[in-house]
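Everything on this sheet refers to the single structure shown next.
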There are 6 protein chains.
Amino acid sequence: MKKVLGMGEIMVQFNPTEKGPLLYQRMFERHVAGSEANIIIQMQKLDVKTSFFTAVGSDPFGEIIINTLREEGVETNLVKIDEGNPTGIYFVQRSYPYPGKTTVFYYRENSAASKITCDDIKEEVFEDVDMLIISGITPALNESVRNCALKIVEMSKSRGIKVVFDTNIRIKLLKNKEKALECVQPFLEKADIVFTGMGDLNFLFKGEFEDKKNQLKELAKNTEIMVIKMGEKGAIALYDGHTYKQDSFKVPVVDELGAGDAFDGAFLASILKGYDVKTALKYGCAAGAITVSLKGDIEPLPKWNDLKLFLDIHSSGESKLLR
Amino acid sequence: MKKVLGMGEIMVQFNPTEKGPLLYQRMFERHVAGSEANIIIQMQKLDVKTSFFTAVGSDPFGEIIINTLREEGVETNLVKIDEGNPTGIYFVQRSYPYPGKTTVFYYRENSAASKITCDDIKEEVFEDVDMLIISGITPALNESVRNCALKIVEMSKSRGIKVVFDTNIRIKLLKNKEKALECVQPFLEKADIVFTGMGDLNFLFKGEFEDKKNQLKELAKNTEIMVIKMGEKGAIALYDGHTYKQDSFKVPVVDELGAGDAFDGAFLASILKGYDVKTALKYGCAAGAITVSLKGDIEPLPKWNDLKLFLDIHSSGESKLLR
Amino acid sequence: MKKVLGMGEIMVQFNPTEKGPLLYQRMFERHVAGSEANIIIQMQKLDVKTSFFTAVGSDPFGEIIINTLREEGVETNLVKIDEGNPTGIYFVQRSYPYPGKTTVFYYRENSAASKITCDDIKEEVFEDVDMLIISGITPALNESVRNCALKIVEMSKSRGIKVVFDTNIRIKLLKNKEKALECVQPFLEKADIVFTGMGDLNFLFKGEFEDKKNQLKELAKNTEIMVIKMGEKGAIALYDGHTYKQDSFKVPVVDELGAGDAFDGAFLASILKGYDVKTALKYGCAAGAITVSLKGDIEPLPKWNDLKLFLDIHSSGESKLLR
Amino acid sequence: MKKVLGMGEIMVQFNPTEKGPLLYQRMFERHVAGSEANIIIQMQKLDVKTSFFTAVGSDPFGEIIINTLREEGVETNLVKIDEGNPTGIYFVQRSYPYPGKTTVFYYRENSAASKITCDDIKEEVFEDVDMLIISGITPALNESVRNCALKIVEMSKSRGIKVVFDTNIRIKLLKNKEKALECVQPFLEKADIVFTGMGDLNFLFKGEFEDKKNQLKELAKNTEIMVIKMGEKGAIALYDGHTYKQDSFKVPVVDELGAGDAFDGAFLASILKGYDVKTALKYGCAAGAITVSLKGDIEPLPKWNDLKLFLDIHSSGESKLLR
Amino acid sequence: MKKVLGMGEIMVQFNPTEKGPLLYQRMFERHVAGSEANIIIQMQKLDVKTSFFTAVGSDPFGEIIINTLREEGVETNLVKIDEGNPTGIYFVQRSYPYPGKTTVFYYRENSAASKITCDDIKEEVFEDVDMLIISGITPALNESVRNCALKIVEMSKSRGIKVVFDTNIRIKLLKNKEKALECVQPFLEKADIVFTGMGDLNFLFKGEFEDKKNQLKELAKNTEIMVIKMGEKGAIALYDGHTYKQDSFKVPVVDELGAGDAFDGAFLASILKGYDVKTALKYGCAAGAITVSLKGDIEPLPKWNDLKLFLDIHSSGESKLLR
Amino acid sequence: MKKVLGMGEIMVQFNPTEKGPLLYQRMFERHVAGSEANIIIQMQKLDVKTSFFTAVGSDPFGEIIINTLREEGVETNLVKIDEGNPTGIYFVQRSYPYPGKTTVFYYRENSAASKITCDDIKEEVFEDVDMLIISGITPALNESVRNCALKIVEMSKSRGIKVVFDTNIRIKLLKNKEKALECVQPFLEKADIVFTGMGDLNFLFKGEFEDKKNQLKELAKNTEIMVIKMGEKGAIALYDGHTYKQDSFKVPVVDELGAGDAFDGAFLASILKGYDVKTALKYGCAAGAITVSLKGDIEPLPKWNDLKLFLDIHSSGESKLLR
């Protein structure tokens with residue numbers, strides 16, 4: 001194995017210290033987040049060599065993003081510093097009006113990452129890479145980024161690099177089903193591994209679960225592994241004609257954000273380590289469970305020791321001595 | 001609709017940042033609270049024009065109370081600034097010794113609001129008002145305030161203003177059943193709309209639930225709508241010979257304080273907006289559920305959009321896309 | 001006296017809890033600030049009736065701005081809620097790399113307030129107004145806002161409303177002396193009262209202090225009172241052929257932001273209260289001194305009692321009993 | 001009753017303000033903890049006179065420990081200040097990787113308390129004492145401390161002082177079952193009252209629950225009362241040929257640390273107060289329940305009033321008026 | 001030396017985390033303070049055995065006061081717990097409107113300590129005591145407390161206990177010079193050691209400094225040592241016909257509260273340790289300097305080692321190695 | 001230029017949020033610090049390629065140190081992870097008993113870094129390195145580390161790598177002048193560039209400043225550049241027979257820790273960039289001034305832009321427009 005490359009926007013997140021309406025929040029913690037970056041950092045924590053292709057502003061928030069990637073061990077030589085456009089940021093409203101649900105307020109229009117174009121793609125991007133990770137958020141940003149994303153996927157395919165795609169639909173960017181389908185379709189068609197979730201499936205397709213699954217399979221015709229994340233109901237993987245299923249691990253839910261990304265990262269790292277699909281599903285669900293039980297997108301992401309200890313305690317029950 | 005007037009004491013609340021015995025608390029958040037003020041602010045958030053009749057000290061805590069009402073859009077021209085007596089304050093001990101239960105320590109004796117007398121009632125108090133809101137806390141403060149409250153109720157009735165009364169018994173102010181009954185009886189008799197809760201019902205009356213309900217009905221003989229809030233069991237409303245029932249919405253309980261007030265405010269705003277009693281019960285229960293799921297009395301109070309989104313997510317389940 | 005109207009952009013400010021490079025900041029306090037709004041709130045605290053003309057986004061940050069104005073008693077019926085553009089925000093880096101100096105990072109491009117046009121000016125804007133306050137920041141935002149500002153000034157003049165202008169140059173918006181001069185010139189010409197500071201004077205004009213002052217006087221030909229704020233050196237006012245001077249009050253400097261605005265507000269409120277120019281300078285300098293000695297733009301703004309106590313302690317020295 | 005003496009190491013605990021990996025924690029609260037000290041403080045809160053035998057460093061952390069004991073009313077004249085060795089400290093990682101589970105990182109090697117020897121035992125240690133409390137942590141520290149602990153137990157027995165022993169096994173100190181058994185055996189043999197927990201029982205013995213219980217009984221041959229704490233399943237006590245059982249009180253679990261110590265302290269204080277074993281079990285379980293529902297080891301420990309109010313609310317249900 | 005007894009009210013103090021108007025403060029730290037208690041704790045830190053005579057409410061704030069005294073090693077058996085009246089509390093506004101100056105807002109009317117009467121004085125109060133400390137705050141509370149204070153002073157004198165009195169005038173309690181003089185006069189007459197400050201001297205007497213000093217000497221006719229604290233100008237002591245002077249140690253002033261109390265405590269502990277008046281003045285000024293350089297009343301109080309290190313660094317200058 | 005290598009212990013620092021005695025501190029911030037690491041990170045910020053040779057424990061604190069170096073861009077492949085020994089940590093007491101002075105409490109005995117031996121030195125350590133940075137702290141740890149440090153210095157010299165040595169004496173490690181001299185002498189003899197400070201000079205040598213300087217010169221006989229840091233008096237450099245002097249830049253002192261390290265790093269980076277000694281002194285003093293004006297060791301370290309802006313504002317004075 002050489003290296004896994006992520007592509008997408010990484011933003012600085014401002015997360016109030018308290019739950020409830022943003023209107024009354026007075027203290028905010030600064031975090032760094034981005035769906036593809038979360039996946040990449042999860043993989044790096046699981047001993048996979050990684051790099052990231054994106055752009056940030058020439059401002060303190062851009063520095064924060066680069067320092068965070070570097071801190072986690074992700075290579076940053078492909079992160080462009082854009083002198084003319086700012087780093088995207090967003091604010092989070094937690095658990096309001098519905099407990100456990102999060103609303104976001106973006107300042108990402110005209111951000112550095114949304115100004116990436118095909119011209120930014122150099123041959124060095126693909127050097128030593130054998131897996132590319134991209135999600136449905138990236139092509140949803142705007143047409144220029146979508147074209148760039150598509151070109152990177154195509155150039156990856158032609159160089160024998162595996163393409164991973166997570167549908168990851170954002171209704172704040174893609175207003176309706178038609179736009180969403182149009183956006184993700186070319187990526188679904190080319191991806192070697194596809195991740196999706198129940199929310200996305202319900203948004204994109206009609207009918208019973210089986211119908212939806214089949215419609216997705218039809219679109220993702222070249223896909224080797226297809227994974228459907230179902231939240232509290234666990235996850236299933238379709239691979240080599242079989243369907244594998246893993247129940248979720250029940251934990252108290254503190255913050256849903258980033259759980260799907262942790263799942264993706266742990267699943268992929270497991271596959272790259274040589275584990276079978278069933279085992280990869282188990283590690284994916286464990287990583288997701290650990291992530292929902294804590295605040296933050298990056299901070300809860302587990303290492304192999306953490307995953308193993310989690311599964312060990314889970315099976316041995318309360319009465320195990322830990323101190 | 002013209003304006004809803006609240007009357008009662010508003011206090012500055014000091015709420016420790018941590019749960020547990022007050023003895024070990026070292027950091028306190030400052031809030032503003034008061035049962036009738038909570039109801040009024042809930043109504044103001046639901047687009048009802050409101051005003052408040054009370055007194056505060058000529059001190060920073062009095063300023064805080066006025067600024068808070070003003071911030072929320074409540075009219076403050078009827079708030080008297082008392083040069084000689086301080087603003088009432090109180091401290092909260094949360095979740096100790098019983099999880100989820102709150103103990104309060106008052107410094108409200110001789111507070112400005114407890115020094116209100118009949119002389120403070122001017123004709124301008126009733127200007128443009130068509131609903132008065134009062135609770136059982138106010139007459140429980142002392143005799144002078146009780147007389148003042150009763151006079152306001154009577155003057156309201158004679159001017160065609162609807163009177164709303166929530167029994168809201170505080171055992172720290174009314175030591176036993178007899179005192180409590182004596183205190184609330186004249187208000188129950190005159191109120192057009194009556195709210196009560198299971199705790200109050202159990203404290204005031206004997207027998208099975210039906211017996212208690214009937215005893216209340218007998219006292220509240222002129223009442224048009226009578227609402228009984230039953231916490232986790234939802235709420236019922238008696239109106240026009242029918243009984244309407246609404247189950248509660250299950251959410252994780254963070255802080256019970258203020259939930260009943262949110263219920264009252266949302267129920268009344270629904271009625272004033274023209275919704276039927278059944279719908280008003282649903283919005284009341286939703287407002288209560290949102291409020292118990294968050295800290296603070298005022299901060300969680302929902303607007304119409306929040307209530308609708310809450311009910312929408314509640315019925316559509318986990319798999320809805322929100323980002 | 002009827003009412004003072006402010007016009008300009010009000011933004012939500014994110015201020016790190018610690019001094020030093022933004023790169024390492026992890027906790028931010030939310031504040032509200034805006035030069036003209038600071039002046040208006042200072043005047044409201046000094047018992048002047050005020051209103052504000054601006055636009056905010058239809059988002060929680062817009063709500064925060066309206067609630068803050070309302071809390072302070074400023075009328076908000078002229079604040080437009082723009083459904084299509086967000087509320088402007090900014091981040092502050094304090095005391096780095098130079099102690100006491102502040103750097104700002106704006107997310108205000110395409111903000112609601114920067115989208116105001118002449119069409120937003122209705123006759124009601126001028127109702128009951130007899131003083132308009134505007135600063136050099138507003139015309140520097142963009143051409144459309146500049147035109148709108150100029151039109152408001154002209155309409156004010158024609159209605160007999162006094163126009164106050166503070167040059168308040170922002171080099172992040174106006175890159176060089178020529179652009180700055182072009183921007184402020186039409187406002188200087190029309191203003192009845194002009195405020196400026198040493199930094200602005202040095203940026204706009206060449207030569208010794210006297211030369212600069214004269215060049216300003218030439219531009220501000222219709223001005224009745226001209227005030228030059230000189231930071232640690234106090235302030236001077238030119239009025240009716242005389243020059244009045246007030247030394248600054250020495251206090252430890254905690255945060256320079258907003259001190260000039262406090263000065264303007266206290267000077268103007270003093271004039272409106274009927275004090276002479278010399279006394280107005282003294283109150284202006286006292287308000288500025290109080291403001292630099294504390295964090296925040298709005299929070300330190302004094303009331304009359306505070307100003308008087310400040311001056312009293314200043315003259316009586318250390319040995320006065322205060323407790 | 002005269003006095004209860006505790007012996008063991010007390011440490012300063014650094015507890016991050018957030019749950020999750022220690023790697024990302026940036027803010028830590030300082031607490032004081034130690035299993036035997038927790039028991040002693042619980043008893044002191046329940047009106048038992050107490051004292052403590054230990055050593056601390058001649059450093060601020062040693063002062064903190066002495067001040068904490070003193071604050072709680074525990075006598076500190078037997079706390080030795082060791083000029084040459086530091087106070088032991090430790091760091092806590094909460095809820096990671098498994099929700100609700102805690103990992104500790106000790107800096108206790110060569111700590112003052114681990115340097116205690118038999119020479120530190122003076123006759124005054126036993127003055128006015130009629131009960132000694134010790135746990136399995138103390139002899140596990142090192143051989144010198146183990147000898148000292150054993151000598152204190154023997155000297156206590158010969159002076160007619162009752163000996164209480166809680167097995168309290170720490171796998172970070174005692175690597176395997178054999179070492180653990182060897183360590184606790186001499187104490188089990190001599191103790192008048194023995195506490196153990198399900199985790200310890202599972203670690204020390206093989207077979208079904210009944211077998212394990214019998215193996216323990218065989219070792220603890222001179223024991224009058226034997227108590228097995230079973231977490232969510234409550235607790236049982238073996239006394240005078242009978243087995244008494246108490247169900248646990250269901251509360252939301254916030255922090256498991258210290259719950260067993262609270263149980264021990266409340267059980268023993270009940271016995272000393274003259275309550276029967278059944279009642280002592282009830283108070284022990286109530287104290288444990290209160291403790292798990294809050295952070296911290298010492299802060300949640302209840303007084304008699306708290307225990308009674310807890311049980312009262314528990315039996316009367318939600319609808320009791322408390323304010 | 002046997003024991004020093006303090007008498008006076010101890011209150012719980014709520015101190016905002018930020019400087020500025022109380023109106024905008026949202027987070028408060030809880031402290032414990034009281035002038036006489038500060039002196040007593042300073043003496044206890046300097047190895048003097050101490051006790052305190054006061055009353056607190058039967059509430060968590062009363063417990064906090066007792067625990068704080070106990071933590072510091074002060075005996076608490078003379079602290080009465082008053083079932084019927086609450087513990088006094090107060091709020092602090094720091095550095096507003098004048099930098100470095102503090103305003104207080106009391107909730108101490110009808111507090112437990114203000115309800116102390118002569119009946120509370122038992123013979124055990126004087127047991128083993130050879131010095132009594134009292135300040136002008138105590139007789140200023142009300143007549144009953146004044147009588148009680150006077151009786152304690154008289155009973156002390158008749159038992160050969162030295163009486164120390166600090167004039168400590170509070171204008172919030174004693175409105176004018178006449179009331180203040182009347183209040184302190186009987187105590188000045190009887191005291192063996194008298195402390196006063198420049199503010200008090202200016203408030204009580206007319207004329208030049210020498211005149212004021214002489215007027216004080218005339219009143220305090222039986223006094224052995226008279227100390228005048230002059231803030232930044234140091235302090236003087238009149239003893240045995242000589243005047244001793246000590247310059248102040250220049251340090252950055254963070255919080256003036258409690259500095260005079262620290263001075264008193266360190267001066268008295270020095271005298272009790274056998275140091276001469278000149279040395280006692282030096283330690284007093286050092287303790288005062290350390291206290292003004294930090295927040296809080298009790299926390300900065302130095303021990304002998306701290307005082308010696310302070311003086312050592314002060315004389316050796318910057319270039320001393322400390323790490 | 002290829003790469004600069006640092007060697008020394010890096011520790012996790014716990015720094016209370018408040019100044020004053022550690023006894024009362026309850027909240028601690030976690031930082032990372034180490035004299036040589038500070039120098040290296042300062043150089044990395046000034047665009048010099050760097051690496052670090054040290055050891056950390058196999059624990060979260062070791063991870064924190066590696067992540068911090070990585071975040072700053074320092075190479076970490078030479079950081080050994082020691083399975084058997086913990087990462088060194090320390091606690092800081094700020095501004096007590098003397099304002100601005102810091103006391104430290106170490107838990108570094110038997111730390112991973114103190115267990116480094118000559119066997120840990122591999123040829124790869126010197127790869128691509130042309131400057132080695134070491135300070136007097138490292139040989140002061142123990143004999144084994146001293147031997148290892150000396151061997152690295154010798155191996156560096158024989159490979160043509162420049163050796164930089166800062167005397168950096170710690171009296172907590174080296175009790176007296178003789179031990180200190182013995183410890184630093186072999187390093188002074190071999191160093192190409194030597195840094196020292198006034199405190200060290202006073203501790204090591206007797207006589208007037210000139211005498212001390214000459215004694216140092218005699219020991220450091222092979223040194224090309226010798227720099228003496230004199231705190232508030234600036235710094236001097238001896239180079240090529242000349243003495244260069246730079247005054248310090250006056251700024252408010254917040255935290256002295258790390259200022260000398262910032263000086264060293266900025267001086268060395270300037271030399272490596274080709275600036276002359278005079279200019280290097282200026283940048284060194286500017287970096288030191290910026291660092292003392294802020295809390296933390298690493299966070300204030302400036303980049304070239306920051307240094308230039310600092311010097312620019314310093315020379316242009318107050319009246320420059322910055323916003």
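Each chain in the structure tokens gets a letter, A, B, ..., in the order shown, and its residues are numbered from 1; ligands are numbered from 1 in order too.
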Exercise. Select residues of chain D: the criterion is any atom within 12 Å of an atom of chain F, counting only C-alpha atoms; output as a ChimeraX atom specification.
Key: /D:12-17,20-32,57-68,85-93,103-111
Exercise. Report as a ChimeraX atom specification: the residues of segment 18-244 of chain B with a DSSP assignment of strand (DSSP E or B), based on the backbone of this structure.
Key: /B:27-33,50-57,75,79-82,89-94,102-107,129-135,162-166,193-197,225-229,235-239,242-244
Self-check item: Selection: 9 Å around segment 128-137 of chain D, only C-alpha atoms, excl. self and same-chain fewer than 4 positions, as an MDAnalysis selection string
Solution: chainID D and resid 1:9 35:36 39:40 50:51 124 141 149 152:153 156 159:170 173 180 183:184 187 195
Export of the given selection (N, CA, C and O atoms) as a compact mmCIF listing (two decimals), in the first residue's frame:
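Okay, this is what ended up in result-v3.txt:
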# COMPACT_ATOMS: atom_id res chain seq x y z
N MET D 1 -19.17 5.38 70.51
CA MET D 1 -18.23 5.31 69.36
C MET D 1 -17.16 6.37 69.51
O MET D 1 -17.44 7.52 69.81
N LYS D 2 -15.90 5.97 69.23
CA LYS D 2 -14.84 6.95 69.32
C LYS D 2 -14.43 7.48 67.93
O LYS D 2 -14.85 8.55 67.51
N LYS D 3 -13.67 6.72 67.21
CA LYS D 3 -13.11 7.28 66.00
C LYS D 3 -12.82 6.18 64.99
O LYS D 3 -12.44 5.06 65.36
N VAL D 4 -12.96 6.49 63.68
CA VAL D 4 -12.61 5.56 62.61
C VAL D 4 -11.34 6.07 61.94
O VAL D 4 -11.24 7.25 61.60
N LEU D 5 -10.39 5.16 61.75
CA LEU D 5 -9.12 5.53 61.13
C LEU D 5 -9.02 4.94 59.73
O LEU D 5 -9.25 3.75 59.54
N GLY D 6 -8.67 5.77 58.77
CA GLY D 6 -8.40 5.28 57.41
C GLY D 6 -6.91 5.25 57.15
O GLY D 6 -6.17 6.05 57.71
N MET D 7 -6.49 4.31 56.29
CA MET D 7 -5.09 4.27 55.88
C MET D 7 -5.03 4.04 54.39
O MET D 7 -5.77 3.21 53.85
N GLY D 8 -4.13 4.74 53.68
CA GLY D 8 -3.99 4.55 52.23
C GLY D 8 -3.39 5.78 51.59
O GLY D 8 -3.11 6.77 52.26
N GLU D 9 -3.23 5.70 50.28
CA GLU D 9 -2.66 6.84 49.56
C GLU D 9 -3.78 7.77 49.09
O GLU D 9 -4.79 7.31 48.55
N SER D 35 -9.30 5.88 47.45
CA SER D 35 -10.43 5.03 47.82
C SER D 35 -10.74 5.09 49.32
O SER D 35 -11.87 5.35 49.73
N GLU D 36 -9.72 4.89 50.18
CA GLU D 36 -9.97 4.86 51.62
C GLU D 36 -10.37 6.25 52.11
O GLU D 36 -11.21 6.39 53.01
N ILE D 39 -14.02 6.78 51.51
CA ILE D 39 -14.85 6.09 52.52
C ILE D 39 -14.88 6.91 53.82
O ILE D 39 -15.95 7.14 54.41
N ILE D 40 -13.70 7.35 54.24
CA ILE D 40 -13.60 8.10 55.50
C ILE D 40 -14.41 9.41 55.42
O ILE D 40 -15.13 9.77 56.36
N THR D 50 -13.54 10.91 62.41
CA THR D 50 -12.57 10.16 61.61
C THR D 50 -11.18 10.78 61.66
O THR D 50 -11.00 11.94 62.00
N SER D 51 -10.20 9.97 61.27
CA SER D 51 -8.81 10.42 61.16
C SER D 51 -8.16 9.64 60.02
O SER D 51 -8.72 8.65 59.54
N GLU D 124 0.40 6.47 68.97
CA GLU D 124 -0.66 7.48 68.85
C GLU D 124 -1.62 7.21 67.68
O GLU D 124 -2.75 7.68 67.67
N LEU D 141 0.71 -1.45 46.58
CA LEU D 141 1.66 -0.40 46.16
C LEU D 141 3.09 -0.93 46.09
O LEU D 141 3.77 -0.75 45.07
N ALA D 149 1.00 -1.94 56.24
CA ALA D 149 -0.45 -2.14 56.33
C ALA D 149 -0.78 -3.35 57.20
O ALA D 149 -1.68 -3.32 58.03
N ILE D 152 -0.20 -2.63 60.84
CA ILE D 152 -1.27 -1.80 61.40
C ILE D 152 -2.51 -2.64 61.68
O ILE D 152 -3.18 -2.50 62.72
N VAL D 153 -2.82 -3.54 60.75
CA VAL D 153 -3.96 -4.43 60.96
C VAL D 153 -3.74 -5.28 62.21
O VAL D 153 -4.63 -5.40 63.06
N SER D 156 -3.96 -3.28 65.31
CA SER D 156 -5.36 -2.91 65.55
C SER D 156 -6.09 -4.06 66.23
O SER D 156 -6.77 -3.89 67.25
N ARG D 159 -5.46 -4.51 69.74
CA ARG D 159 -5.99 -3.44 70.60
C ARG D 159 -7.53 -3.42 70.58
O ARG D 159 -8.16 -2.47 71.05
N GLY D 160 -8.13 -4.45 69.97
CA GLY D 160 -9.59 -4.54 69.96
C GLY D 160 -10.27 -3.63 68.97
O GLY D 160 -11.47 -3.37 69.05
N ILE D 161 -9.49 -3.14 68.00
CA ILE D 161 -10.07 -2.27 66.97
C ILE D 161 -10.61 -3.15 65.85
O ILE D 161 -9.93 -4.04 65.36
N LYS D 162 -11.82 -2.87 65.40
CA LYS D 162 -12.43 -3.62 64.30
C LYS D 162 -11.69 -3.29 63.00
O LYS D 162 -11.38 -2.12 62.74
N VAL D 163 -11.46 -4.31 62.18
CA VAL D 163 -10.77 -4.09 60.90
C VAL D 163 -11.73 -4.28 59.74
O VAL D 163 -12.39 -5.31 59.65
N VAL D 164 -11.80 -3.25 58.88
CA VAL D 164 -12.63 -3.31 57.67
C VAL D 164 -11.71 -3.39 56.47
O VAL D 164 -10.75 -2.62 56.37
N PHE D 165 -12.01 -4.31 55.55
CA PHE D 165 -11.16 -4.46 54.37
C PHE D 165 -12.02 -4.52 53.12
O PHE D 165 -12.97 -5.29 53.04
N ASP D 166 -11.68 -3.68 52.12
CA ASP D 166 -12.34 -3.75 50.81
C ASP D 166 -11.29 -4.27 49.83
O ASP D 166 -10.21 -3.68 49.70
N THR D 167 -11.60 -5.34 49.10
CA THR D 167 -10.59 -5.98 48.24
C THR D 167 -10.02 -5.01 47.19
O THR D 167 -8.81 -5.01 46.94
N ASN D 168 -10.87 -4.22 46.57
CA ASN D 168 -10.45 -3.12 45.70
C ASN D 168 -9.20 -3.38 44.85
O ASN D 168 -8.17 -2.69 44.98
N ILE D 169 -9.29 -4.35 43.97
CA ILE D 169 -8.10 -4.74 43.18
C ILE D 169 -7.85 -3.78 42.02
O ILE D 169 -8.77 -3.36 41.34
N ARG D 170 -6.58 -3.39 41.84
CA ARG D 170 -6.17 -2.53 40.73
C ARG D 170 -5.25 -3.32 39.81
O ARG D 170 -4.12 -3.64 40.21
N LEU D 173 -1.73 -2.29 39.21
CA LEU D 173 -0.73 -2.53 40.25
C LEU D 173 -0.47 -4.03 40.45
O LEU D 173 0.65 -4.43 40.73
N ALA D 180 -2.72 -10.96 42.95
CA ALA D 180 -3.82 -10.31 43.63
C ALA D 180 -4.23 -11.10 44.86
O ALA D 180 -4.40 -10.57 45.97
N CYS D 183 -1.83 -10.91 47.61
CA CYS D 183 -1.84 -9.58 48.22
C CYS D 183 -2.99 -9.41 49.21
O CYS D 183 -2.80 -8.86 50.29
N VAL D 184 -4.19 -9.86 48.84
CA VAL D 184 -5.35 -9.59 49.69
C VAL D 184 -5.57 -10.64 50.77
O VAL D 184 -6.21 -10.37 51.79
N PHE D 187 -5.18 -9.98 54.54
CA PHE D 187 -6.13 -8.97 55.03
C PHE D 187 -7.52 -9.57 55.15
O PHE D 187 -8.25 -9.32 56.11
N PHE D 195 -15.61 -5.98 52.26
CA PHE D 195 -16.36 -5.54 51.07
C PHE D 195 -15.64 -6.07 49.84
O PHE D 195 -14.41 -6.06 49.77
Exercise. Skip Leu301 of chain E itself and residues of its chain fewer than 6 positions away, then list as a list in words all residues within 7 Å of it, counting only C-alpha atoms.
Key: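 Non-adjacent residues within range: Gln42, Ala262, Ala287 and Thr291 of chain E.
Here the question is which of D:Ala269, D:Val251, D:Ile228, D:Ala235 gets nearest to Cys285 of chain D using only C-alpha atoms, and that residue is D:Ala235.
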Practice problem: Tell me, in Å to one decimal, how far atom CA of Leu46 of chain B is from atom CA of Thr102 of chain A. | Solution: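 Taking atom CA of Leu46 of chain B as the start and atom CA of Thr102 of chain A as the end point, the length is 22.4 Å.
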Self-check item: Test item: residues at most 12 Å from segment 311-316 of chain F, only C-alpha atoms, excluding those fewer than 3 positions along its chain, as an NGL selection string
Solution: (:C and (96-102 or 199 or 202)) or (:F and (248-251 or 279 or 282-287 or 289-290 or 302 or 304-308 or 319-322))
Practice problem: Apply DSSP to the backbone of this structure and, from segment 106-159 of chain D, keep only the residues in helix (DSSP H, G or I); write these as a VMD selection string. | Solution: chain D and resid 112 to 115 118 to 120 123 to 126 137 to 141 143 to 158
Practice problem: Have a look at atom CA of Glu224 of chain C and atom CA of Gly241 of chain C and let me know their distance in Å, one decimal. | Solution: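 Result for atom CA of Glu224 of chain C versus atom CA of Gly241 of chain C: 9.8 Å, one decimal.
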Quiz prompt | Distance of atom CA of Glu127 of chain D from atom CA of Glu75 of chain D, expressed in Å to one decimal place | solution =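 Straight-line distance from atom CA of Glu75 of chain D to atom CA of Glu127 of chain D works out to 12.3 Å.
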Quiz item: Could you name the residues that touch Val253 of chain C at 8 Å or less, counting only C-alpha atoms, but leaving out those on the same chain fewer than 5 positions away, as a PyMOL selection string?
Solution: chain C and resi 100+292-294
